[in-house]
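*Asks:* Quick one, data-v2.csv (CSV, C-alpha atoms):
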```
chain,number,residue,atom,x,y,z
J,5,MET,CA,-9.7,-41.4,-36.5
J,6,ASN,CA,-9.4,-37.6,-36.1
J,7,LEU,CA,-6.5,-36.7,-33.9
J,8,ASP,CA,-5.0,-33.3,-33.2
J,9,PRO,CA,-1.6,-33.2,-35.1
J,10,ALA,CA,-0.1,-31.2,-32.2
J,11,LEU,CA,-1.0,-34.0,-29.9
J,12,LEU,CA,0.5,-36.6,-32.2
J,13,ASP,CA,3.7,-34.6,-32.2
J,14,ILE,CA,4.2,-35.0,-28.4
J,15,LEU,CA,2.5,-38.2,-27.4
J,16,VAL,CA,4.9,-41.0,-26.3
J,17,CYS,CA,4.4,-44.5,-24.9
J,18,PRO,CA,3.7,-44.2,-21.1
J,19,GLN,CA,5.8,-47.3,-20.6
J,20,CYS,CA,9.0,-46.5,-22.5
J,21,ARG,CA,8.6,-42.9,-23.7
J,22,ALA,CA,9.2,-43.9,-27.3
J,23,THR,CA,7.4,-42.0,-30.1
J,24,LEU,CA,4.3,-43.7,-31.5
J,25,ALA,CA,3.3,-44.7,-35.0
J,26,VAL,CA,-0.3,-44.1,-36.2
J,27,ASP,CA,-2.3,-47.1,-37.5
J,28,VAL,CA,-5.2,-45.4,-39.2
J,29,ASP,CA,-6.8,-48.7,-40.2
J,30,ARG,CA,-7.1,-50.0,-36.7
J,31,ASP,CA,-7.5,-46.6,-34.9
J,32,GLU,CA,-4.4,-47.4,-32.8
J,33,LEU,CA,-1.2,-45.7,-31.8
J,34,VAL,CA,1.7,-48.2,-31.9
J,35,CYS,CA,4.8,-48.4,-29.8
J,36,ASN,CA,7.3,-50.5,-31.7
J,37,MET,CA,9.6,-50.6,-28.8
J,38,CYS,CA,7.1,-52.2,-26.4
J,39,ARG,CA,5.1,-53.9,-29.1
J,40,LEU,CA,2.0,-52.4,-27.8
J,41,ALA,CA,-1.0,-50.8,-29.6
J,42,TYR,CA,-2.9,-48.1,-27.7
J,43,PRO,CA,-6.5,-47.8,-28.8
J,44,VAL,CA,-8.1,-44.5,-29.9
J,45,ARG,CA,-11.7,-44.4,-28.8
J,46,ASP,CA,-14.0,-41.6,-29.9
J,47,ASP,CA,-10.9,-39.7,-31.1
J,48,ILE,CA,-9.4,-39.9,-27.6
J,49,PRO,CA,-6.1,-41.8,-27.2
J,50,VAL,CA,-6.2,-44.4,-24.4
J,51,MET,CA,-2.7,-44.3,-23.1
J,52,LEU,CA,-3.0,-47.0,-20.5
J,53,VAL,CA,-0.6,-49.9,-20.7
J,54,GLY,CA,-3.3,-52.2,-19.2
J,55,GLU,CA,-5.7,-51.4,-22.1
J,56,ALA,CA,-3.1,-51.7,-24.9
J,57,ARG,CA,-3.1,-54.6,-27.3
J,58,SER,CA,0.0,-56.7,-27.3
J,59,LEU,CA,1.6,-57.1,-30.8
J,60,THR,CA,3.7,-60.1,-29.8
J,61,ASP,CA,0.8,-62.5,-29.3
Y,30,MET,CA,-18.1,-38.4,14.8
Y,31,THR,CA,-17.0,-41.8,13.5
Y,32,ASP,CA,-13.3,-42.6,13.5
Y,33,PRO,CA,-11.9,-40.5,10.7
Y,34,ASP,CA,-9.2,-43.1,9.9
Y,35,LEU,CA,-11.3,-44.8,7.3
Y,36,PRO,CA,-10.0,-48.0,5.9
Y,37,ARG,CA,-8.1,-47.7,2.6
Y,38,GLU,CA,-8.2,-50.3,-0.1
Y,39,ALA,CA,-5.5,-51.3,-2.6
Y,40,ASP,CA,-4.6,-48.9,-5.3
Y,41,GLY,CA,-6.4,-50.9,-8.0
Y,42,ASP,CA,-9.7,-50.6,-6.0
Y,43,HIS,CA,-9.1,-46.9,-5.5
Y,44,ALA,CA,-8.6,-46.4,-9.3
Y,45,ALA,CA,-11.9,-48.1,-9.9
Y,46,ARG,CA,-13.6,-46.0,-7.1
Y,47,LEU,CA,-12.1,-42.9,-8.6
Y,48,ARG,CA,-13.4,-43.7,-12.1
Y,49,ALA,CA,-16.9,-44.6,-10.7
Y,50,SER,CA,-17.0,-41.4,-8.6
Y,51,PHE,CA,-16.1,-39.1,-11.5
Y,52,THR,CA,-18.3,-40.9,-14.0
Y,53,ALA,CA,-21.2,-40.2,-11.6
Y,54,GLN,CA,-20.0,-36.6,-11.2
Y,55,ALA,CA,-19.3,-35.9,-14.9
Y,56,ALA,CA,-22.7,-34.3,-15.6
Y,57,THR,CA,-22.7,-32.1,-12.5
Y,58,PHE,CA,-19.0,-31.2,-12.5
Y,59,GLU,CA,-19.4,-27.9,-14.2
Y,60,GLU,CA,-23.0,-27.2,-13.2
Y,61,PRO,CA,-22.8,-23.6,-12.0
Y,62,THR,CA,-25.6,-23.9,-9.5
Y,63,LEU,CA,-23.9,-26.8,-7.8
Y,64,ASN,CA,-20.3,-26.3,-8.3
Y,65,ALA,CA,-19.7,-22.6,-8.5
Y,66,ALA,CA,-16.5,-23.3,-6.5
Y,67,PHE,CA,-14.9,-24.9,-9.5
Y,68,THR,CA,-15.0,-21.8,-11.7
Y,69,ALA,CA,-14.5,-19.4,-8.7
Y,70,GLY,CA,-10.8,-19.7,-8.5
Y,71,LEU,CA,-9.9,-20.2,-12.2
Y,72,GLY,CA,-8.8,-16.6,-12.7
Y,73,TRP,CA,-6.5,-16.9,-9.7
Y,74,LEU,CA,-4.8,-19.9,-11.2
Y,75,VAL,CA,-4.6,-18.5,-14.8
Y,76,GLU,CA,-3.1,-15.3,-13.5
Y,77,ALA,CA,-0.5,-17.2,-11.4
Y,78,ALA,CA,0.4,-19.5,-14.3
Y,79,ALA,CA,1.3,-16.5,-16.4
Y,80,PRO,CA,0.5,-18.2,-19.7
Y,81,ARG,CA,2.3,-17.1,-22.8
Y,82,ALA,CA,1.3,-17.5,-26.5
Y,83,ILE,CA,4.1,-19.9,-27.2
Y,84,ASP,CA,3.4,-22.2,-24.2
Y,85,ARG,CA,2.8,-25.9,-24.7
Y,86,CYS,CA,0.8,-27.0,-21.6
Y,87,LEU,CA,-0.1,-30.2,-19.8
Y,88,ASP,CA,-3.1,-30.4,-17.5
Y,89,LEU,CA,-2.7,-33.6,-15.4
Y,90,ALA,CA,-5.7,-35.3,-13.7
Y,91,ALA,CA,-7.6,-32.7,-15.8
Y,92,GLY,CA,-11.2,-34.0,-15.3
Y,93,THR,CA,-13.2,-32.1,-17.9
Y,94,GLY,CA,-10.2,-30.0,-18.7
Y,95,LEU,CA,-11.6,-26.9,-17.0
Y,96,VAL,CA,-8.2,-25.5,-16.3
Y,97,GLY,CA,-6.8,-26.5,-19.7
Y,98,ARG,CA,-9.7,-24.8,-21.4
Y,99,ALA,CA,-9.2,-21.7,-19.4
Y,100,LEU,CA,-5.6,-21.6,-20.4
Y,101,ALA,CA,-6.2,-22.4,-24.1
Y,102,PRO,CA,-7.0,-18.9,-25.3
Y,103,HIS,CA,-3.7,-17.7,-23.9
Y,104,VAL,CA,-1.3,-20.5,-25.0
Y,105,ALA,CA,-0.2,-22.5,-28.1
Y,106,HIS,CA,-1.6,-25.9,-27.1
Y,107,VAL,CA,-3.0,-27.8,-24.1
Y,108,THR,CA,-3.0,-31.5,-23.5
Y,109,CYS,CA,-5.5,-32.7,-20.9
Y,110,VAL,CA,-4.9,-36.1,-19.3
Y,111,ASP,CA,-7.4,-37.9,-17.1
Y,112,ALA,CA,-8.4,-41.4,-16.2
Y,113,THR,CA,-12.1,-41.1,-16.4
Y,114,PRO,CA,-13.6,-41.4,-20.0
Y,115,ALA,CA,-16.9,-39.6,-19.0
Y,116,MET,CA,-15.0,-36.5,-17.8
Y,117,LEU,CA,-13.0,-36.4,-21.0
Y,118,ALA,CA,-16.1,-36.7,-23.1
Y,119,GLN,CA,-17.7,-33.8,-21.2
Y,120,GLY,CA,-14.5,-31.8,-21.6
Y,121,ARG,CA,-14.2,-32.4,-25.3
Y,122,ALA,CA,-17.8,-31.4,-25.9
Y,123,ALA,CA,-17.3,-28.3,-23.9
Y,124,ALA,CA,-14.1,-27.4,-25.8
Y,125,GLU,CA,-16.0,-27.8,-29.1
Y,126,SER,CA,-18.9,-25.6,-27.9
Y,127,GLU,CA,-16.3,-23.0,-26.8
Y,128,SER,CA,-14.7,-23.2,-30.3
Y,129,LEU,CA,-11.3,-24.2,-28.8
Y,130,THR,CA,-9.1,-25.8,-31.4
Y,131,ASN,CA,-5.9,-26.1,-29.4
Y,132,VAL,CA,-7.0,-28.5,-26.6
Y,133,ALA,CA,-6.5,-32.2,-26.8
Y,134,PHE,CA,-7.8,-34.9,-24.5
Y,135,VAL,CA,-6.0,-38.1,-23.5
Y,136,LEU,CA,-7.2,-41.0,-21.3
Y,137,GLY,CA,-4.2,-41.8,-19.1
Y,138,ASP,CA,-2.6,-42.1,-15.7
Y,139,ALA,CA,-1.4,-38.7,-14.5
Y,140,THR,CA,1.6,-40.3,-12.8
Y,141,ALA,CA,2.8,-41.9,-16.1
Y,142,PRO,CA,3.2,-38.9,-18.4
Y,143,VAL,CA,2.4,-39.3,-22.1
Y,144,VAL,CA,4.8,-36.6,-23.2
Y,145,PRO,CA,8.6,-36.7,-23.4
Y,146,PRO,CA,10.4,-35.6,-20.3
Y,147,GLY,CA,11.5,-32.0,-20.1
Y,148,THR,CA,9.4,-30.7,-23.0
Y,149,ILE,CA,6.4,-28.8,-21.5
Y,150,ASP,CA,6.4,-25.1,-20.8
Y,151,LEU,CA,3.5,-25.1,-18.2
Y,152,VAL,CA,2.2,-28.1,-16.2
Y,153,VAL,CA,-0.9,-27.7,-14.1
Y,154,THR,CA,-3.1,-29.8,-11.9
Y,155,ARG,CA,-6.1,-28.7,-9.9
Y,156,PHE,CA,-8.0,-30.4,-7.1
Y,157,SER,CA,-6.3,-33.7,-7.9
Y,158,LEU,CA,-3.7,-34.5,-5.2
Y,159,HIS,CA,-6.4,-35.3,-2.6
Y,160,HIS,CA,-7.7,-38.0,-4.9
Y,161,VAL,CA,-4.5,-39.9,-5.7
Y,162,PRO,CA,-2.8,-42.6,-3.6
Y,163,ASP,CA,0.6,-41.2,-4.6
Y,164,PRO,CA,0.5,-37.4,-4.7
Y,165,GLU,CA,4.3,-37.2,-4.7
Y,166,GLY,CA,4.3,-39.4,-7.8
Y,167,LEU,CA,2.0,-37.0,-9.5
Y,168,LEU,CA,4.2,-34.0,-8.5
Y,169,ARG,CA,7.2,-36.0,-9.7
Y,170,ALA,CA,5.5,-36.5,-13.1
Y,171,MET,CA,4.8,-32.8,-13.3
Y,172,VAL,CA,8.4,-31.8,-12.6
Y,173,ALA,CA,9.7,-34.5,-15.1
Y,174,ALA,CA,7.4,-33.3,-17.9
Y,175,CYS,CA,8.5,-29.6,-17.4
Y,176,ARG,CA,11.3,-28.2,-19.5
Y,177,PRO,CA,14.1,-26.3,-17.6
Y,178,GLY,CA,12.7,-22.9,-16.9
Y,179,GLY,CA,9.1,-24.2,-17.3
Y,180,ARG,CA,6.4,-23.6,-14.7
Y,181,ILE,CA,4.5,-26.0,-12.4
Y,182,VAL,CA,1.2,-24.8,-10.9
Y,183,VAL,CA,-0.7,-26.8,-8.3
Y,184,HIS,CA,-4.1,-25.8,-6.9
Y,185,ASP,CA,-5.7,-28.0,-4.3
Y,186,LEU,CA,-7.5,-28.2,-1.1
Y,187,ALA,CA,-5.2,-27.5,1.9
Y,188,SER,CA,-6.0,-29.2,5.2
Y,189,SER,CA,-5.3,-27.8,8.7
Y,190,PRO,CA,-1.8,-28.1,10.2
Y,191,ASP,CA,-3.5,-29.5,13.2
Y,192,PRO,CA,-3.5,-33.3,12.6
Y,193,GLU,CA,-6.7,-33.9,14.4
Y,194,LEU,CA,-8.6,-31.2,12.4
Y,195,ALA,CA,-7.0,-32.5,9.2
Y,196,ALA,CA,-8.2,-36.0,9.9
Y,197,CYS,CA,-11.8,-34.7,10.5
Y,198,GLN,CA,-11.6,-32.7,7.2
Y,199,ASP,CA,-10.4,-35.8,5.3
Y,200,ALA,CA,-13.2,-37.9,6.9
Y,201,ILE,CA,-15.9,-35.5,5.9
Y,202,GLU,CA,-14.5,-35.1,2.4
Y,203,THR,CA,-14.4,-38.9,2.1
Y,204,TRP,CA,-18.0,-39.3,3.3
Y,205,ARG,CA,-19.0,-36.8,0.7
Y,206,ASP,CA,-16.9,-38.4,-2.1
Y,207,ASP,CA,-15.3,-41.7,-1.4
Y,208,SER,CA,-12.6,-41.1,-4.0
Y,209,HIS,CA,-11.1,-38.5,-1.7
Y,210,LEU,CA,-8.0,-39.8,0.1
Y,211,ARG,CA,-6.1,-37.1,1.9
Y,212,ALA,CA,-5.8,-33.3,1.3
Y,213,PRO,CA,-2.2,-32.0,1.5
Y,214,VAL,CA,-1.5,-29.9,4.6
Y,215,VAL,CA,-0.9,-26.1,4.0
Y,216,GLY,CA,2.7,-25.8,2.6
Y,217,GLU,CA,3.1,-29.5,2.0
Y,218,VAL,CA,2.9,-29.2,-1.8
Y,219,ALA,CA,5.7,-26.6,-1.8
Y,220,ASP,CA,7.9,-28.9,0.4
Y,221,LEU,CA,7.4,-31.8,-1.9
Y,222,LEU,CA,8.1,-29.8,-5.0
Y,223,ARG,CA,11.4,-28.5,-3.4
Y,224,ARG,CA,12.3,-32.1,-2.5
Y,225,LEU,CA,11.7,-33.1,-6.2
Y,226,GLY,CA,14.1,-30.4,-7.4
Y,227,ALA,CA,11.7,-27.6,-8.3
Y,228,GLN,CA,12.2,-24.1,-7.2
Y,229,VAL,CA,9.0,-22.7,-5.5
Y,230,ASP,CA,8.2,-19.2,-6.5
Y,231,ARG,CA,4.9,-18.6,-4.7
Y,232,THR,CA,2.3,-20.2,-2.4
Y,233,ASP,CA,-1.0,-18.5,-1.7
Y,234,GLN,CA,-3.9,-19.6,0.4
Y,235,ARG,CA,-7.5,-18.5,0.1
Y,236,THR,CA,-10.6,-19.5,2.0
Y,237,TYR,CA,-13.8,-20.4,0.3
Y,238,THR,CA,-17.0,-20.3,2.2
Y,239,ARG,CA,-19.8,-22.3,0.5
Y,240,PRO,CA,-23.2,-23.8,1.2
Y,241,LEU,CA,-23.3,-27.5,2.2
Y,242,GLU,CA,-26.3,-28.8,0.3
Y,243,PRO,CA,-25.1,-28.0,-3.3
Y,244,TRP,CA,-21.7,-29.4,-2.4
Y,245,LEU,CA,-23.4,-32.7,-1.5
Y,246,ALA,CA,-25.6,-32.6,-4.5
Y,247,GLN,CA,-22.8,-32.0,-7.0
Y,248,SER,CA,-20.9,-35.1,-5.8
Y,249,VAL,CA,-24.0,-37.3,-5.9
Y,250,THR,CA,-23.3,-38.4,-2.4
Y,251,ALA,CA,-25.3,-41.4,-1.1
Y,252,PRO,CA,-28.0,-40.4,1.3
Y,253,ASP,CA,-26.5,-42.2,4.3
Y,254,ARG,CA,-23.1,-40.6,3.8
Y,255,ALA,CA,-24.6,-37.2,3.2
Y,256,GLU,CA,-26.3,-37.7,6.6
Y,257,GLN,CA,-22.9,-38.4,8.2
Y,258,VAL,CA,-21.6,-35.1,6.8
Y,259,ARG,CA,-24.7,-33.2,8.0
Y,260,ALA,CA,-24.4,-34.8,11.4
Y,261,ALA,CA,-20.7,-33.8,11.8
Y,262,PHE,CA,-21.6,-30.1,11.0
Y,263,ALA,CA,-24.6,-30.2,13.3
Y,264,ASP,CA,-22.4,-31.5,16.1
Y,265,GLU,CA,-19.9,-28.7,15.6
Y,266,LEU,CA,-22.7,-26.1,15.4
Y,267,ALA,CA,-24.1,-27.5,18.7
Y,268,GLY,CA,-20.7,-26.9,20.4
Y,269,GLY,CA,-19.3,-30.4,19.8
Y,270,ARG,CA,-16.2,-31.5,18.0
Y,271,PRO,CA,-14.7,-29.0,15.5
Y,272,THR,CA,-14.8,-30.2,11.9
Y,273,GLY,CA,-12.0,-28.0,10.7
Y,274,PHE,CA,-14.5,-26.4,8.2
Y,275,ARG,CA,-15.9,-23.8,10.6
Y,276,ALA,CA,-19.5,-24.7,10.0
Y,277,GLU,CA,-22.0,-21.8,10.3
Y,278,GLN,CA,-25.7,-21.7,10.3
Y,279,ARG,CA,-27.2,-19.2,7.9
Y,280,GLU,CA,-30.8,-18.4,7.0
Y,281,ASP,CA,-30.6,-20.7,3.9
Y,282,GLY,CA,-28.8,-23.6,5.7
Y,283,VAL,CA,-25.4,-24.7,6.8
Y,284,TRP,CA,-22.3,-23.1,5.2
Y,285,PHE,CA,-18.7,-24.1,5.7
Y,286,THR,CA,-15.2,-22.9,4.8
Y,287,GLN,CA,-12.5,-24.7,2.9
Y,288,THR,CA,-8.9,-23.5,2.5
Y,289,TRP,CA,-7.5,-23.7,-1.0
Y,290,GLU,CA,-3.8,-23.4,-1.8
Y,291,LEU,CA,-2.0,-22.4,-5.0
Y,292,THR,CA,1.6,-23.3,-5.4
Y,293,VAL,CA,3.7,-22.0,-8.3
Y,294,ALA,CA,7.2,-23.4,-9.0
Y,295,HIS,CA,9.6,-23.7,-11.9
Y,296,ARG,CA,12.2,-26.3,-12.9
Y,297,PRO,CA,15.7,-24.9,-12.6
```
Show this structure as structure tokens.
*Replies:*
Amino acid sequence: MNLDPALLDILVCPQCRATLAVDVDRDELVCNMCRLAYPVRDDIPVMLVGEARSLTD
Amino acid sequence: MTDPDLPREADGDHAARLRASFTAQAATFEEPTLNAAFTAGLGWLVEAAAPRAIDRCLDLAAGTGLVGRALAPHVAHVTCVDATPAMLAQGRAAAESESLTNVAFVLGDATAPVVPPGTIDLVVTRFSLHHVPDPEGLLRAMVAACRPGGRIVVHDLASSPDPELAACQDAIETWRDDSHLRAPVVGEVADLLRRLGAQVDRTDQRTYTRPLEPWLAQSVTAPDRAEQVRAAFADELAGGRPTGFRAEQREDGVWFTQTWELTVAHRP
């Protein structure tokens, strides 16, 4: 995963606006408030709640 | 002409149609022989946006990030958000070939901002409002993302204040590209921005006269729908119902005129 640091500084969860943690191993951006993991595909974050992986299952 | 009040589907269906349309258009979107219009007004927008070297920018419903990439040499950073992966892939490849290192691409919904509220210096959107079911929601997202004192720049088609002509314009646009929903009427964007708490600094209109066939080719319009568009212009040229696009017959084919509007506002 190769993400622009300036982007990581500003990206927030589109659902709750919380800041995101980077999961390098899974290529995901994690919202610990919503317990959602947003995928990063081809180095482009997919910030769609409907495509996020639930971490509570 | 067929009834311009085309049926509208649910938002989910429209989102799928939008993505399908722009996936089909991704390869031709910046093709200069087909879509010269897209680059034609870029300087107008960049000048109006008054970009500064310290600005953090957000380009919503960015497509290939054409606007974001035009702003990038003048600002600190641009984030381009769009819902169609193929457009973002084209945009990122273009940014790399242009050696731009301060542009990032995000797949997302333009009405659900991916940045903290009140943090962006310059928020832009271009040719997007006519595609979205909730244009006010998109403008609300722009105002919300903007920091106090930050600028909001909206560039879009503007339809006629005459409701009958506006309906014809929207019908033709929708035949050409079925992800088109409704173009804002001249001055409507400024009114909406004021209602959302922004202070409007400037609205400008320009007309853009362009040839019909490259317009249809760029959008990869289905043959039967392209024929509907040609028939509407032919009817107008024969003295029939006005399309709102002032069709004219030239030596090299039919040309028509769109009105574009640029609205510049700031968040108090």
*Asks:* For range 237-243 of chain Y, find every residue with an atom within 7 Å (counting only C-alpha atoms), except residues of its own chain fewer than 3 positions away, and show them as a PyMOL selection string.
*Replies:* chain Y and resi 63+246-247+283-288
*Asks:* Determine, counting only C-alpha atoms, which protein, DNA and RNA residues have an atom within 10 Å of an atom of Ser208 in chain Y; residues of the same chain fewer than 5 positions away are not included. Present the result as a list in words.
*Replies:*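 Near Ser208 in chain Y, the qualifying residues are His43, Ala44, Ala45, Arg46, Leu47, Arg48, Ala49, Ser50, Phe51, His159, His160, Val161, Pro162, Glu202 and Thr203 of chain Y.
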*Asks:* For chain Y, report every residue with an atom at most 9 Å from chain J (counting only C-alpha atoms), formatted as a PyMOL selection string.
*Replies:* chain Y and resi 106-108+112+114+117-118+130-138+141-146+148
*Asks:* Find the distance between CA of Asp42 in chain Y and CA of Leu210 in chain Y and write it in Å to one decimal.
*Replies:*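 Between CA of Asp42 in chain Y and CA of Leu210 in chain Y the gap is 12.5 Å.
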*Asks:* Neighbours of range 217-221 of chain Y within 10 Å (all atoms listed in the file; same-chain residues fewer than 3 positions away dropped), as an MDAnalysis selection string?
*Replies:* chainID Y and resid 158 164:165 168:169 183:185 187:188 190 212:214 224:232 290:294
*Asks:* For the atom pair CA of Leu186 in chain Y and CA of Ala99 in chain Y, what is the interatomic distance in Å to one decimal place?
*Replies:*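 It comes out at 19.5 Å.
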*Asks:* Using all atoms listed in the file, find all polymer residues with an atom at most 6 Å away from the point (-4.1, -49.1, -31.7); report them as a list in words.
*Replies:*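 Those residues lying close to the given coordinates are Arg30, Asp31, Glu32, Leu33, Val34, Ala41, Tyr42 and Pro43 of chain J.
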*Asks:* Excluding Arg270 in chain Y and its own-chain neighbours fewer than 6 positions away, which residues fall within 10 Å of it when counting all atoms listed in the file? Please give them as a short mmCIF file (atom, residue, chain, number, x, y, z; two decimals) with C-alpha atoms, in the coordinates of the input.
*Replies:*
```cif
data_model
loop_
_atom_site.label_atom_id
_atom_site.label_comp_id
_atom_site.auth_asym_id
_atom_site.auth_seq_id
_atom_site.Cartn_x
_atom_site.Cartn_y
_atom_site.Cartn_z
CA MET Y 30 -18.10 -38.40 14.80
CA LEU Y 194 -8.60 -31.20 12.40
CA CYS Y 197 -11.80 -34.70 10.50
CA ALA Y 261 -20.70 -33.80 11.80
CA PHE Y 262 -21.60 -30.10 11.00
CA ALA Y 263 -24.60 -30.20 13.30
CA ASP Y 264 -22.40 -31.50 16.10
#
```
*Asks:* Expressed in Å to a single decimal, how great is the separation between CA of Ala79 in chain Y and CA of Asp111 in chain Y?
*Replies:*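 Interatomic distance, CA of Ala79 in chain Y to CA of Asp111 in chain Y: 23.1 Å.
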*Asks:* Extract, using all atoms listed in the file, all DNA, RNA and protein residues at most 7 Å from Arg39 in chain J, discarding same-chain residues fewer than 6 positions from it, and format them as JSON, numbers by chain.
*Replies:* {"J": [58, 59, 60]}
*Asks:* For a quick check of your reading of the model, name the residues lying within 12 Å of the coordinate (4.6, -27.3, -16.6), counting only C-alpha atoms, and write them as a ChimeraX atom specification.
*Replies:* /Y:78-80,84-89,97,107-108,142,144,146-154,168-183,227,293-296
